[in-house]
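A.B. asks: My structure file coords-v9.txt, compact mmCIF, C-alpha atoms, is below:
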# COMPACT_ATOMS: atom_id res chain seq x y z
CA MET C 1 61.45 67.73 115.90
CA ALA C 2 59.15 69.39 118.40
CA ARG C 3 58.27 72.45 116.35
CA LYS C 4 55.00 74.21 117.02
CA PRO C 5 52.80 73.72 113.95
CA HIS C 6 51.61 76.72 111.94
CA PRO C 7 47.92 77.43 112.69
CA LYS C 8 46.98 77.28 108.99
CA ALA C 9 46.96 73.71 107.66
CA GLU C 10 48.01 74.63 104.09
CA ILE C 11 50.99 76.59 105.38
CA GLU C 12 52.00 73.87 107.82
CA ALA C 13 52.00 71.38 104.92
CA ALA C 14 54.24 73.71 102.88
CA LEU C 15 56.59 74.11 105.86
CA LYS C 16 56.81 70.33 106.28
CA TYR C 17 57.67 70.10 102.57
CA ALA C 18 60.41 72.70 103.07
CA GLU C 19 61.78 70.72 106.02
CA GLU C 20 61.84 67.55 103.92
CA GLN C 21 64.08 69.46 101.48
CA GLY C 22 66.43 70.36 104.31
CA TRP C 23 65.14 73.83 105.21
CA ARG C 24 65.23 74.97 108.84
CA ILE C 25 62.16 76.63 110.32
CA ASP C 26 62.51 79.07 113.23
CA ILE C 27 59.52 80.45 115.08
CA GLY C 28 59.36 84.04 116.31
CA GLY C 29 58.11 87.53 115.49
CA SER C 30 54.80 89.30 115.92
CA HIS C 31 53.08 89.76 112.52
CA ALA C 32 55.61 87.25 111.31
CA TRP C 33 55.15 83.72 112.56
CA GLY C 34 58.72 82.69 111.82
CA LYS C 35 61.41 82.29 109.21
CA MET C 36 62.63 79.59 106.87
CA TYR C 37 66.33 79.10 106.09
CA CYS C 38 67.75 77.51 102.95
CA PRO C 39 70.06 74.56 103.68
CA TYR C 40 72.60 75.94 101.16
CA ASN C 41 72.67 79.48 102.50
CA ASP C 42 76.18 80.09 101.25
CA GLY C 43 78.03 81.52 98.25
CA SER C 44 76.60 78.93 95.86
CA CYS C 45 73.00 79.38 96.98
CA ARG C 46 70.61 79.90 94.07
CA CYS C 47 67.59 81.30 95.87
CA GLY C 48 69.16 84.70 96.46
CA GLU C 49 67.05 86.91 98.71
CA PHE C 50 64.62 84.10 99.44
CA CYS C 51 67.17 81.80 101.10
CA ILE C 52 65.86 83.46 104.26
CA ALA C 53 62.13 84.06 103.99
CA SER C 54 59.64 85.39 106.50
CA ILE C 55 56.40 83.49 107.13
CA TRP C 56 53.25 85.35 108.22
CA SER C 57 51.03 84.04 111.01
CA THR C 58 47.90 85.44 109.31
CA PRO C 59 48.66 86.07 105.64
CA ARG C 60 45.92 87.66 103.54
CA ASN C 61 45.40 84.30 101.80
CA ALA C 62 46.80 81.14 103.40
CA GLU C 63 46.63 79.10 100.20
CA ASN C 64 48.63 81.67 98.25
CA HIS C 65 51.16 81.96 101.06
CA ALA C 66 51.63 78.18 101.07
CA ARG C 67 52.18 78.28 97.29
CA GLN C 68 54.78 81.05 97.71
CA ILE C 69 56.66 78.92 100.27
CA ARG C 70 56.68 75.88 97.96
CA ARG C 71 57.85 78.03 95.06
CA VAL C 72 60.87 79.25 97.01
CA VAL C 73 61.79 75.68 97.96
CA ASN C 74 61.35 74.41 94.39
CA ASN C 75 63.31 77.27 92.81
CA CYS C 76 66.15 76.41 95.13
CA THR C 77 66.14 72.61 94.93
CA SER C 78 65.30 72.34 91.24
CA HIS C 79 68.52 74.16 90.39
CA ARG C 80 70.30 71.67 92.60
CA GLY C 81 68.52 68.77 90.94
CA ARG C 82 67.46 67.57 94.36
CA ILE C 83 63.70 67.49 94.28
CA HIS C 84 62.61 64.40 96.19
CA ALA C 85 58.88 64.87 96.06
CA PRO C 86 56.79 66.19 93.20
CA GLY C 87 56.25 69.71 94.50
CA GLU C 88 54.30 72.42 92.86
CA LYS C 89 55.89 74.12 89.89
CA SER C 90 54.75 77.70 89.67
CA MET B 1 39.60 90.54 89.75
CA THR B 2 42.68 88.48 88.98
CA ASP B 3 45.57 87.17 91.09
CA TYR B 4 48.83 88.64 89.80
CA GLU B 5 52.16 87.07 90.80
CA PHE B 6 55.30 89.21 90.70
CA THR B 7 58.42 89.95 92.72
CA LEU B 8 59.74 93.37 93.67
CA LYS B 9 63.31 93.68 94.89
CA PHE B 10 64.56 96.73 96.76
CA SER B 11 67.81 97.96 98.18
CA LEU B 12 67.55 99.11 101.79
CA PRO B 13 68.58 102.51 103.14
CA ASN B 14 70.54 100.95 105.99
CA PRO B 15 71.97 97.49 105.29
CA GLU B 16 72.97 97.11 108.94
CA ALA B 17 69.40 97.47 110.21
CA GLU B 18 67.60 94.49 111.72
CA PRO B 19 65.32 93.13 108.92
CA ASP B 20 62.57 92.24 111.43
CA GLN B 21 61.61 95.88 111.85
CA TYR B 22 61.05 96.14 108.08
CA ILE B 23 58.93 93.00 108.11
CA GLU B 24 56.65 94.42 110.81
CA ALA B 25 56.36 97.73 108.92
CA LEU B 26 55.52 95.87 105.69
CA ALA B 27 52.79 93.91 107.49
CA ALA B 28 51.27 97.16 108.78
CA ALA B 29 51.41 98.66 105.26
CA GLY B 30 49.38 95.80 103.77
CA CYS B 31 52.09 93.56 102.30
CA ASP B 32 50.65 90.46 103.97
CA ASP B 33 49.99 89.06 100.48
CA ALA B 34 53.75 88.76 99.84
CA LEU B 35 56.42 86.33 100.95
CA ILE B 36 59.36 88.43 102.10
CA GLY B 37 62.94 87.38 101.44
CA ILE B 38 65.78 88.80 103.51
CA GLY B 39 68.60 86.44 102.52
CA GLN B 40 70.86 89.11 101.02
CA SER B 41 72.17 91.86 103.19
CA GLY B 42 71.07 95.31 102.08
CA ARG B 43 68.23 93.86 99.98
CA ILE B 44 64.62 92.92 100.56
CA ALA B 45 62.48 91.01 98.05
CA LEU B 46 58.72 90.59 98.10
CA ASP B 47 57.03 87.76 96.20
CA PHE B 48 53.47 89.09 95.82
CA THR B 49 50.24 87.33 94.92
CA ARG B 50 48.02 90.40 94.66
CA THR B 51 44.37 90.45 93.65
CA ALA B 52 43.52 93.46 91.50
CA GLY B 53 41.68 94.60 88.39
CA SER B 54 44.89 94.88 86.35
CA ALA B 55 48.58 94.02 86.63
CA PHE B 56 49.39 97.72 86.67
CA GLY B 57 46.95 98.21 89.56
CA ALA B 58 48.49 95.30 91.48
CA ILE B 59 52.12 96.31 90.93
CA SER B 60 51.64 100.05 91.47
CA SER B 61 49.74 99.51 94.73
CA ALA B 62 52.42 97.06 95.91
CA LEU B 63 55.12 99.67 95.18
CA ARG B 64 53.18 102.29 97.14
CA ASP B 65 52.73 99.91 100.09
CA VAL B 66 56.46 99.15 100.25
CA ARG B 67 57.36 102.85 100.04
CA ARG B 68 54.96 103.61 102.89
CA ALA B 69 56.64 100.94 105.04
CA ILE B 70 60.23 101.72 104.03
CA PRO B 71 60.29 105.26 102.61
CA LYS B 72 63.89 105.11 101.44
CA ALA B 73 63.74 101.68 99.78
CA VAL B 74 64.99 101.88 96.18
CA LEU B 75 63.53 99.56 93.54
CA VAL B 76 66.22 97.27 92.10
CA GLU B 77 64.10 95.16 89.78
CA ALA B 78 60.57 94.00 89.10
CA SER B 79 60.34 90.41 87.96
CA PRO B 80 59.52 88.42 85.95
CA ASP B 81 60.97 90.63 83.19
CA PHE B 82 64.63 89.93 82.32
CA VAL B 83 64.90 86.28 81.29
CA GLY B 84 67.37 83.93 79.66
CA LEU B 85 66.43 81.08 77.33
CA THR B 86 66.28 78.57 80.19
CA ASP B 87 63.77 80.74 82.06
CA VAL B 88 61.66 81.13 78.95
CA ALA B 89 61.75 77.39 78.31
CA ASP B 90 60.58 76.74 81.90
CA ILE B 91 57.77 79.27 81.59
CA ALA B 92 56.62 78.08 78.16
CA GLY B 93 56.95 74.40 79.04
CA PHE B 94 59.69 73.54 76.49
CA THR B 95 63.07 71.99 77.02
CA ARG B 96 65.89 74.51 76.72
CA GLN B 97 67.04 72.69 73.59
CA ASN B 98 63.65 73.05 71.91
CA MET B 99 63.44 76.71 72.87
CA ARG B 100 66.85 77.24 71.29
CA LYS B 101 65.74 75.48 68.12
CA LEU B 102 62.64 77.65 67.98
CA MET B 103 64.80 80.77 68.28
CA ILE B 104 67.44 79.71 65.74
CA GLY B 105 64.80 78.56 63.26
CA ASN B 106 63.05 81.94 63.44
CA MET B 107 65.89 84.42 63.75
CA SER B 108 64.17 86.98 61.52
CA THR B 109 61.11 87.37 63.78
CA PHE B 110 62.46 86.33 67.21
CA PRO B 111 62.68 89.33 69.55
CA VAL B 112 66.07 91.04 69.75
CA ALA B 113 67.83 90.44 73.08
CA VAL B 114 68.43 93.23 75.59
CA HIS B 115 71.91 91.82 76.09
CA GLU B 116 73.57 89.29 73.79
CA GLY B 117 76.09 87.80 76.17
CA LYS B 118 76.33 84.59 78.12
CA PRO B 119 73.62 84.35 79.14
CA ALA B 120 71.67 86.44 76.63
CA LEU B 121 68.74 88.27 78.19
CA TRP B 122 65.35 89.25 76.81
CA HIS B 123 62.32 91.04 78.14
CA LEU B 124 59.86 88.23 78.88
CA ALA B 125 56.92 90.24 77.49
CA THR B 126 58.51 90.40 74.03
CA ILE B 127 59.00 86.64 73.90
CA LEU B 128 55.51 85.81 75.22
CA THR B 129 54.03 88.14 72.61
CA TRP B 130 56.15 86.48 69.92
CA LEU B 131 55.09 82.98 71.02
CA ASN B 132 51.48 84.09 70.94
CA GLU B 133 51.47 86.06 67.69
CA GLN B 134 54.09 84.30 65.56
CA GLN B 135 53.82 80.75 66.91
CA GLN B 136 50.10 80.67 67.76
CA ARG B 137 50.86 79.32 71.22
CA ALA B 138 48.58 79.90 74.19
CA VAL B 139 50.09 82.33 76.69
CA ASP B 140 48.92 82.98 80.26
CA GLY B 141 47.14 86.32 80.07
CA ALA B 142 47.92 87.41 83.65
CA LEU B 143 51.59 86.54 83.18
CA LEU B 144 51.80 88.53 79.93
CA GLU B 145 50.16 91.49 81.67
CA VAL B 146 52.63 91.29 84.59
CA ALA B 147 55.62 90.90 82.24
CA THR B 148 54.49 93.91 80.18
CA THR B 149 54.03 96.08 83.28
CA ASN B 150 57.36 94.99 84.76
CA MET B 151 59.15 95.79 81.49
CA ALA B 152 57.66 99.30 81.53
CA LEU B 153 58.62 99.71 85.20
CA ASN B 154 62.20 98.48 84.75
CA ILE B 155 62.72 100.62 81.65
CA ALA B 156 61.25 103.65 83.43
CA LYS B 157 63.58 103.09 86.37
CA GLU B 158 66.61 103.20 84.03
CA THR B 159 65.22 106.07 81.97
CA ARG B 160 65.18 108.25 85.08
CA LYS B 161 68.98 108.17 84.94
CA LEU B 162 68.97 110.03 81.62
CA PRO B 163 69.38 113.75 82.16
CA GLY B 164 66.28 115.60 80.99
CA ALA B 165 64.22 112.45 80.43
CA ILE B 166 60.48 112.84 80.95
CA LEU B 167 58.47 109.73 81.81
CA PRO B 168 54.84 109.21 80.80
CA LYS B 169 52.65 110.46 83.68
CA LYS B 170 51.33 107.01 84.55
CA LEU B 171 54.89 105.70 85.05
CA ALA B 172 56.28 108.84 86.68
CA SER B 173 53.67 108.49 89.43
CA LEU B 174 55.26 105.18 90.45
CA PHE B 175 58.45 106.93 91.46
CA ALA B 176 56.83 109.89 93.21
Go through the file and emit its structure as structure tokens.
C.D. replies:
Amino acid sequence: MARKPHPKAEIEAALKYAEEQGWRIDIGGSHAWGKMYCPYNDGSCRCGEFCIASIWSTPRNAENHARQIRRVVNNCTSHRGRIHAPGEKS
Amino acid sequence: MTDYEFTLKFSLPNPEAEPDQYIEALAAAGCDDALIGIGQSGRIALDFTRTAGSAFGAISSALRDVRRAIPKAVLVEASPDFVGLTDVADIAGFTRQNMRKLMIGNMSTFPVAVHEGKPALWHLATILTWLNEQQQRAVDGALLEVATTNMALNIAKETRKLPGAILPKKLASLFA
């Protein structure tokens, strides 16, 4: 997967975690760096609004933004009982 | 200053509009401390981590920022507020079964639900306060503050539907 890495290391790590859980990352936007897409984006999806989430290129606080990304992934996969790695629980 | 975590969900004036334009407007209005969700058409949700002196300060400034970016956005819900037993168990670090036991064993003092259906729903603030005061359990202060503010906000939002209802000034200003 030749995806351009996010300039902030913490956020890139959170995006890699999302990808490991099956999320797709698309790059594009101006203030927004890209978007993340839930692998179950269908009628049975449990993440609701956050099954498509926008990622900032320069969020106010990179650490918090990374935590927000992990939270979305965990809220989704924990309901599915599919957590592979011990992610952060908010 | 404290970091407050909360989610505001809005319905959009034009569900057909391209969400990217809203995202750019939200960035310009200072919502770069929120993760923005656009997975449901006609809705936009913002998961904020906002640093402020109080939960009310954090949530009211976030509301103002969103209104500035999307003037016709209508607040659907502020969360965390409405919770079922499973949510409460997750937040308090119990199993659902233990949370249920705690409720059934203390029916006389346990907060009354907002809705007693399947699932039953409570205001989170009432349960956190109960856990703290009746069960002597430690409760996250920032979370309790957020839950209390969200409860006031969600109730105020519904109260505005009552003909002739007058909101306390502090809450009315949030809908101005």
A.B. asks: Contacts from chain B to chain C, 6 Å maximum, all atoms listed in the file: show me the residue list as a list of chain:residue names.
C.D. replies: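 Written out as asked, the residues are B:Asp32, B:Asp33, B:Ile36, B:Gly37, B:Ile38, B:Gly39, B:Gln40.
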A.B. asks: As an exercise, work out the distance from CA of Trp33 in chain C to CA of Arg67 in chain B in Å and give it to one decimal place.
C.D. replies: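 Answer for the CA of Trp33 in chain C to CA of Arg67 in chain B separation: 23.0 Å.
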A.B. asks: Between CA of Ala138 in chain B and CA of Asn154 in chain B, what distance in Å does the model show, to one decimal?
C.D. replies: 25.3 Å
A.B. asks: Need to verify the contact set: Thr109 in chain B, 10 Å, all atoms listed in the file, exclusion of same-chain residues closer than 4 positions in sequence. Can you return it as a ChimeraX atom specification?
C.D. replies: /B:103,105,130,134
A.B. asks: Please determine, counting all atoms listed in the file, which residue among B:Ala78, B:Ala120, B:Ala89, B:Val114 has the shortest atom-to-atom distance to Phe10 in chain B.
C.D. replies: B:Ala78
A.B. asks: Write out as a list in words the residues lying within 9 Å of Arg3 in chain C, counting all atoms listed in the file and excluding same-chain residues fewer than 3 positions away.
C.D. replies: Ile25, Asp26 and Ile27 of chain C
A.B. asks: Please compute the CA of Phe175 in chain B-CA of Asp87 in chain B distance, one decimal, in Å.
C.D. replies: 28.3 Å
A.B. asks: Have a look at B:Lys101, B:Arg50, B:Lys169, B:Arg43 and name the one nearest to Phe6 in chain B; count all atoms listed in the file.
C.D. replies: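 Closest candidate: B:Arg50.
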